[in-house]
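S.K.: Starting off with a structure, shown below.
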Amino acid sequence: MDTPVALVTGASSGIGKATARGLLQRGYHVILWCRTQAVAQETEAEIREDAHASATSTVGADLTNFDALRNAATALKDEHDRLDVLINNAGVLKETRETNPEGIEETFAVNYLAPFLLSHLLLPLLIRTAQTRGEARIVNVGSDAHRGAINFNPDAMTKGDAGITAYMQSKLALVLFTNELARRLDSTGVMVNCVHPGVVATNIWRGPGVLSWLVRRLKWFFRSPETGAEGPLHLATSDEVKDVTGAYFDGTDRTTPSIAAFDEKAAAELWNRSMELVDLDPGDITYDPSGK
Ligand SMILES: NC(=O)c1ccc[n+]([C@@H]2O[C@H](COP(=O)([O-])OP(=O)(O)OC[C@H]3O[C@@H](n4cnc5c(N)ncnc54)[C@H](OP(=O)(O)O)[C@@H]3O)[C@@H](O)[C@H]2O)c1
């Protein structure tokens with residue numbers, strides 16, 4: 001089919017839902033990835049009321065459940081012969097420590113390891129699309145909160161950290177991952193960038209912590225989900241950035257991430273530890289357009 005295809009995780013609310021709407025308005029077939037199939041279908045029905053929304057499909061899988069994520073990615077590869085845009089948007093700020101079946105703290109699981117795993121599982125489709133259509137893009141929705149983490153300790157994902165500390169670390173991990181993946185995909189035509197959407201009044205601030213309470217109280221001063229979606233949409237669709245990779249954006253403006261985000265040794269360590277935690281075999285992964 002000639003319609004470009006985009007996948008948005010966390011499409012049920014906030015920035016993800018606004019991004020999905022924006023992609024539909026720009027003519028994409030949009031795959032709405034939500035926590036369950038029921039929520040995905042509700043979201044699809046709501047978005048379809050929008051006059052522009054014609055081409056959607058749905059995925060229901062909890063991103064803390066890596067088996068469910070793998071099954072959903074396999075089904076996607078069977079159903080679609082192209083993937084032009086992957087937006088790793090889903091995110092959470094768990095204020096108390098909860099762990100997934102692999103013992104990984106859930107903020108890390110959703111905000112960082114799920115994008116790591118999903119991007120790898122969909123790489124063959126993204127690389128094929130870039131080779132046949134000229135480009136494909138991965139957009140990681142990060143956060144300026146990554147600046148609060150001085151350096152990244154790969155063990156933080158399984159030991160102790162929770163709350164805002166885990167959130168800051170997970171977002172630093174996402175920037176390190178963006179840079180490292182961009183380096184590895186250099187020759188493929190797949191562009192990988194990370195974007196801070198601004199402080200946006202969304203459900204992410206629904207928790208009981210002081211920061212969440214404050215944002216809820218002052219929500220009129222913060223960005224709307226539609227404004228928050230401008231950065232992800234720019235990176236996903238604008239010709240201005242079609243040759244940009246491994247970069248960090250604040251909204252639609254390119255900027256510099258924290259010094260810790262340039263630590264290539266930390267990025268390599270994180271990479272190896274992440275491979276183990278999501279049970280990927282490096283021998284099974286190719287970053288080469290020839291498939292070797
Ligand atoms: N809002 C801000 O100020 C801000 C600032 C910087 C960065 N960000 C980033 O922007 C992204 C979008 O967040 P948002 O502000 O739009 O928050 P949001 O309204 O809470 O949306 C988050 C989305 O992620 C989904 N999600 C969370 N955990 C999931 C899981 N285990 N499995 C599947 N889906 C899951 C949520 O689904 P449910 O509704 O089912 O939980 C929801 O659709 C996040 O990565 C966030 O870190 C936001």
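Labels used: A, B, ... for chains in the order of the structure tokens, numbers from 1 for residues in each chain, and numbers from 1 for ligands as shown.
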Check which residues fall inside 8 Å of ligand 1 when counting only C-alpha atoms and all ligand atoms, and print them as a ChimeraX atom specification.

M.R.: /A:9-17,33-36,39,60-65,88-93,106,109-111,140-145,167,171,196-206,222-223,225,228

S.K.: Leaving out A:Arg184 and any residue of its chain fewer than 4 positions from it, which residues lie within 9 Å of it when counting only C-alpha atoms, given as a PDB file with N, CA and C atoms, in the first residue's frame?

M.R.:
```pdb
ATOM      1  N   ASN A 179      21.273   8.021  20.896  1.00  0.00           N
ATOM      2  CA  ASN A 179      22.575   8.323  20.293  1.00  0.00           C
ATOM      3  C   ASN A 179      23.255   7.060  19.773  1.00  0.00           C
ATOM      4  N   GLU A 180      23.216   6.005  20.598  1.00  0.00           N
ATOM      5  CA  GLU A 180      23.891   4.755  20.220  1.00  0.00           C
ATOM      6  C   GLU A 180      23.190   4.090  19.029  1.00  0.00           C
ATOM      7  N   THR A 188      21.770   2.998   7.241  1.00  0.00           N
ATOM      8  CA  THR A 188      20.520   2.328   6.868  1.00  0.00           C
ATOM      9  C   THR A 188      19.426   3.246   6.331  1.00  0.00           C
ATOM     10  N   TYR A 287      22.203  -4.415  12.040  1.00  0.00           N
ATOM     11  CA  TYR A 287      22.056  -2.979  11.854  1.00  0.00           C
ATOM     12  C   TYR A 287      22.504  -2.620  10.436  1.00  0.00           C
ATOM     13  N   ASP A 288      22.589  -3.644   9.593  1.00  0.00           N
ATOM     14  CA  ASP A 288      23.136  -3.447   8.256  1.00  0.00           C
ATOM     15  C   ASP A 288      22.013  -3.547   7.232  1.00  0.00           C
TER      16      ASP A 288
END
```

S.K.: Where in stretch 153-233 of chain A does DSSP assign alpha helix (DSSP H), given as a ChimeraX atom specification?

M.R.: /A:163-184,210-217,225-228,230-233

S.K.: To one decimal in Å, tell me the separation between atom CA of A:Phe152 and atom CA of A:Lys265.

M.R.: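 Those two atoms sit 10.4 Å apart.
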
S.K.: Rank A:Arg273, A:Arg147, A:Arg70, A:Lys77 by their smallest atom-to-atom distance to A:Leu7, using only C-alpha atoms, and report the top residue only.

M.R.: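 Once distances to A:Leu7 are computed over only C-alpha atoms, the minimum belongs to A:Lys77.
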
S.K.: I'd like the neighbourhood of A:Asp281 as a ChimeraX atom specification, where a residue qualifies if any of its atoms comes within 12 Å (using only C-alpha atoms), though same-chain residues fewer than 4 positions away should be ignored.

M.R.: /A:117,120-121,271-277,285-286

S.K.: Put those residues in a file: N, CA and C atoms, as a PDB file, in the first residue's frame.

M.R.:
```pdb
ATOM      1  N   LEU A 117      13.475  -2.562  23.264  1.00  0.00           N
ATOM      2  CA  LEU A 117      13.071  -3.861  22.712  1.00  0.00           C
ATOM      3  C   LEU A 117      12.232  -3.682  21.442  1.00  0.00           C
ATOM      4  N   HIS A 120      14.207  -2.650  18.401  1.00  0.00           N
ATOM      5  CA  HIS A 120      14.986  -3.767  17.853  1.00  0.00           C
ATOM      6  C   HIS A 120      14.105  -4.763  17.111  1.00  0.00           C
ATOM      7  N   LEU A 121      12.944  -5.081  17.684  1.00  0.00           N
ATOM      8  CA  LEU A 121      12.076  -6.074  17.042  1.00  0.00           C
ATOM      9  C   LEU A 121      11.563  -5.565  15.696  1.00  0.00           C
ATOM     10  N   TRP A 271      23.810  -0.554  26.751  1.00  0.00           N
ATOM     11  CA  TRP A 271      23.374  -1.370  25.617  1.00  0.00           C
ATOM     12  C   TRP A 271      23.472  -2.861  25.957  1.00  0.00           C
ATOM     13  N   ASN A 272      24.642  -3.248  26.473  1.00  0.00           N
ATOM     14  CA  ASN A 272      24.860  -4.674  26.766  1.00  0.00           C
ATOM     15  C   ASN A 272      23.920  -5.160  27.862  1.00  0.00           C
ATOM     16  N   ARG A 273      23.757  -4.335  28.896  1.00  0.00           N
ATOM     17  CA  ARG A 273      22.878  -4.714  30.014  1.00  0.00           C
ATOM     18  C   ARG A 273      21.419  -4.792  29.528  1.00  0.00           C
ATOM     19  N   SER A 274      21.038  -3.882  28.648  1.00  0.00           N
ATOM     20  CA  SER A 274      19.661  -3.857  28.150  1.00  0.00           C
ATOM     21  C   SER A 274      19.380  -5.097  27.311  1.00  0.00           C
ATOM     22  N   MET A 275      20.352  -5.487  26.492  1.00  0.00           N
ATOM     23  CA  MET A 275      20.214  -6.716  25.686  1.00  0.00           C
ATOM     24  C   MET A 275      19.895  -7.906  26.593  1.00  0.00           C
ATOM     25  N   GLU A 276      20.636  -7.978  27.723  1.00  0.00           N
ATOM     26  CA  GLU A 276      20.408  -9.096  28.660  1.00  0.00           C
ATOM     27  C   GLU A 276      19.018  -9.001  29.277  1.00  0.00           C
ATOM     28  N   LEU A 277      18.666  -7.781  29.725  1.00  0.00           N
ATOM     29  CA  LEU A 277      17.401  -7.628  30.457  1.00  0.00           C
ATOM     30  C   LEU A 277      16.178  -7.915  29.591  1.00  0.00           C
ATOM     31  N   ILE A 285      20.619  -9.699  15.804  1.00  0.00           N
ATOM     32  CA  ILE A 285      20.256  -8.339  15.401  1.00  0.00           C
ATOM     33  C   ILE A 285      21.172  -7.871  14.283  1.00  0.00           C
ATOM     34  N   THR A 286      20.577  -7.282  13.266  1.00  0.00           N
ATOM     35  CA  THR A 286      21.423  -6.680  12.236  1.00  0.00           C
ATOM     36  C   THR A 286      21.126  -5.195  12.131  1.00  0.00           C
TER      37      THR A 286
END
```

S.K.: Taking into account only C-alpha atoms, which residue in the set A:Val195, A:Leu185, A:Leu122, A:Ala18 is nearest to A:Leu235?

M.R.: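 Nearest to A:Leu235: A:Val195.
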
S.K.: Choose the residue, out of A:Ala156, A:Ala68, A:Ala38, A:Ala6, that has the smallest atom-to-atom separation from A:Arg26; count only C-alpha atoms.

M.R.: A:Ala6

S.K.: So that I can see what lies close to A:Asn151, please list as an MDAnalysis selection string the residues with an atom at most 10 Å from it, counting only C-alpha atoms and leaving out residues fewer than 4 positions away in the same chain.

M.R.: chainID A and resid 146:147 169 172:173 258:261 263 266

S.K.: Calculated over only C-alpha atoms, which of the candidates A:Ala40, A:Leu86, A:Ala182, A:Ala45 has the smallest distance to A:Leu118?

M.R.: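 When distances to A:Leu118 are compared using only C-alpha atoms, the smallest one comes from A:Leu86.
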
S.K.: Applying 8 Å and only C-alpha atoms, which residues near A:Glu44 remain after dropping the ones on its own chain fewer than 6 positions away? List them as an mmCIF file with N, CA and C atoms, in the first residue's frame.

M.R.:
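The result, written out as part10.cif:
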```
data_model
loop_
_atom_site.group_PDB
_atom_site.id
_atom_site.type_symbol
_atom_site.label_atom_id
_atom_site.label_comp_id
_atom_site.auth_asym_id
_atom_site.auth_seq_id
_atom_site.Cartn_x
_atom_site.Cartn_y
_atom_site.Cartn_z
ATOM 1 N N LEU A 32 -2.385 2.395 16.569
ATOM 2 C CA LEU A 32 -2.548 2.930 17.932
ATOM 3 C C LEU A 32 -2.192 1.814 18.920
ATOM 4 N N THR A 56 -6.735 3.661 10.584
ATOM 5 C CA THR A 56 -6.130 3.311 11.875
ATOM 6 C C THR A 56 -6.172 1.796 12.054
ATOM 7 N N SER A 57 -5.267 1.279 12.852
ATOM 8 C CA SER A 57 -5.400 -0.088 13.359
ATOM 9 C C SER A 57 -4.901 -0.075 14.796
ATOM 10 N N THR A 58 -5.095 -1.177 15.501
ATOM 11 C CA THR A 58 -4.866 -1.145 16.948
ATOM 12 C C THR A 58 -3.969 -2.297 17.429
#
```

S.K.: Applying 12 Å and only C-alpha atoms, which residues near A:Val241 remain after dropping the ones on its own chain fewer than 2 positions away? List them as a ChimeraX atom specification.

M.R.: /A:135-137,139,191-193,231-239,243-249,252-254

S.K.: Between A:Leu280, A:Ala75, A:Leu214, A:Ile47, which has the minimum distance to A:Gln25 (counting only C-alpha atoms)?

M.R.: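 Of A:Leu280, A:Ala75, A:Leu214, A:Ile47, the one nearest A:Gln25, counting only C-alpha atoms, is A:Ile47.
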
S.K.: To one decimal place, how far is atom CA of A:Val85 from atom CA of A:Val5 in Å?

M.R.: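 Taking atom CA of A:Val85 and atom CA of A:Val5, their separation equals 6.5 Å.
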
S.K.: Running DSSP on the backbone, which parts of stretch 42-276 of chain A land in strand (DSSP E or B), as a ChimeraX atom specification?

M.R.: /A:56-60,85-88,99,105,136-141,190-196,200,223,247-250,253-255

S.K.: Store the residues picked out above in a file with C-alpha atoms, as a compact mmCIF listing (two decimals), in the first residue's frame.

M.R.:
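Output contents, as saved in selection05.txt:
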```txt
# COMPACT_ATOMS: atom_id res chain seq x y z
CA THR A 56 -6.13 3.31 11.87
CA SER A 57 -5.40 -0.09 13.36
CA THR A 58 -4.87 -1.15 16.95
CA VAL A 59 -2.50 -3.04 19.22
CA GLY A 60 -3.22 -3.88 22.85
CA VAL A 85 7.60 6.04 11.63
CA LEU A 86 7.91 4.49 15.09
CA ILE A 87 7.07 6.87 17.92
CA ASN A 88 8.14 5.49 21.28
CA THR A 99 8.45 -4.40 39.20
CA GLU A 105 11.22 -1.37 37.95
CA ALA A 136 12.19 5.72 8.05
CA ARG A 137 12.22 7.43 11.41
CA ILE A 138 12.25 6.51 15.09
CA VAL A 139 11.16 9.24 17.48
CA ASN A 140 11.81 8.69 21.17
CA VAL A 141 9.74 10.92 23.43
CA VAL A 190 16.65 5.00 9.54
CA MET A 191 16.83 8.27 11.48
CA VAL A 192 16.62 8.19 15.28
CA ASN A 193 15.99 11.27 17.40
CA CYS A 194 14.77 12.16 20.86
CA VAL A 195 12.38 14.98 21.79
CA HIS A 196 11.37 16.71 25.00
CA VAL A 200 2.41 19.23 29.27
CA ARG A 223 1.33 23.09 27.36
CA ALA A 247 19.84 14.59 17.86
CA TYR A 248 17.90 15.98 20.82
CA PHE A 249 15.05 18.44 20.43
CA ASP A 250 13.06 20.65 22.77
CA ASP A 253 14.04 23.22 18.28
CA ARG A 254 17.24 21.25 18.13
CA THR A 255 19.21 21.59 21.35
```
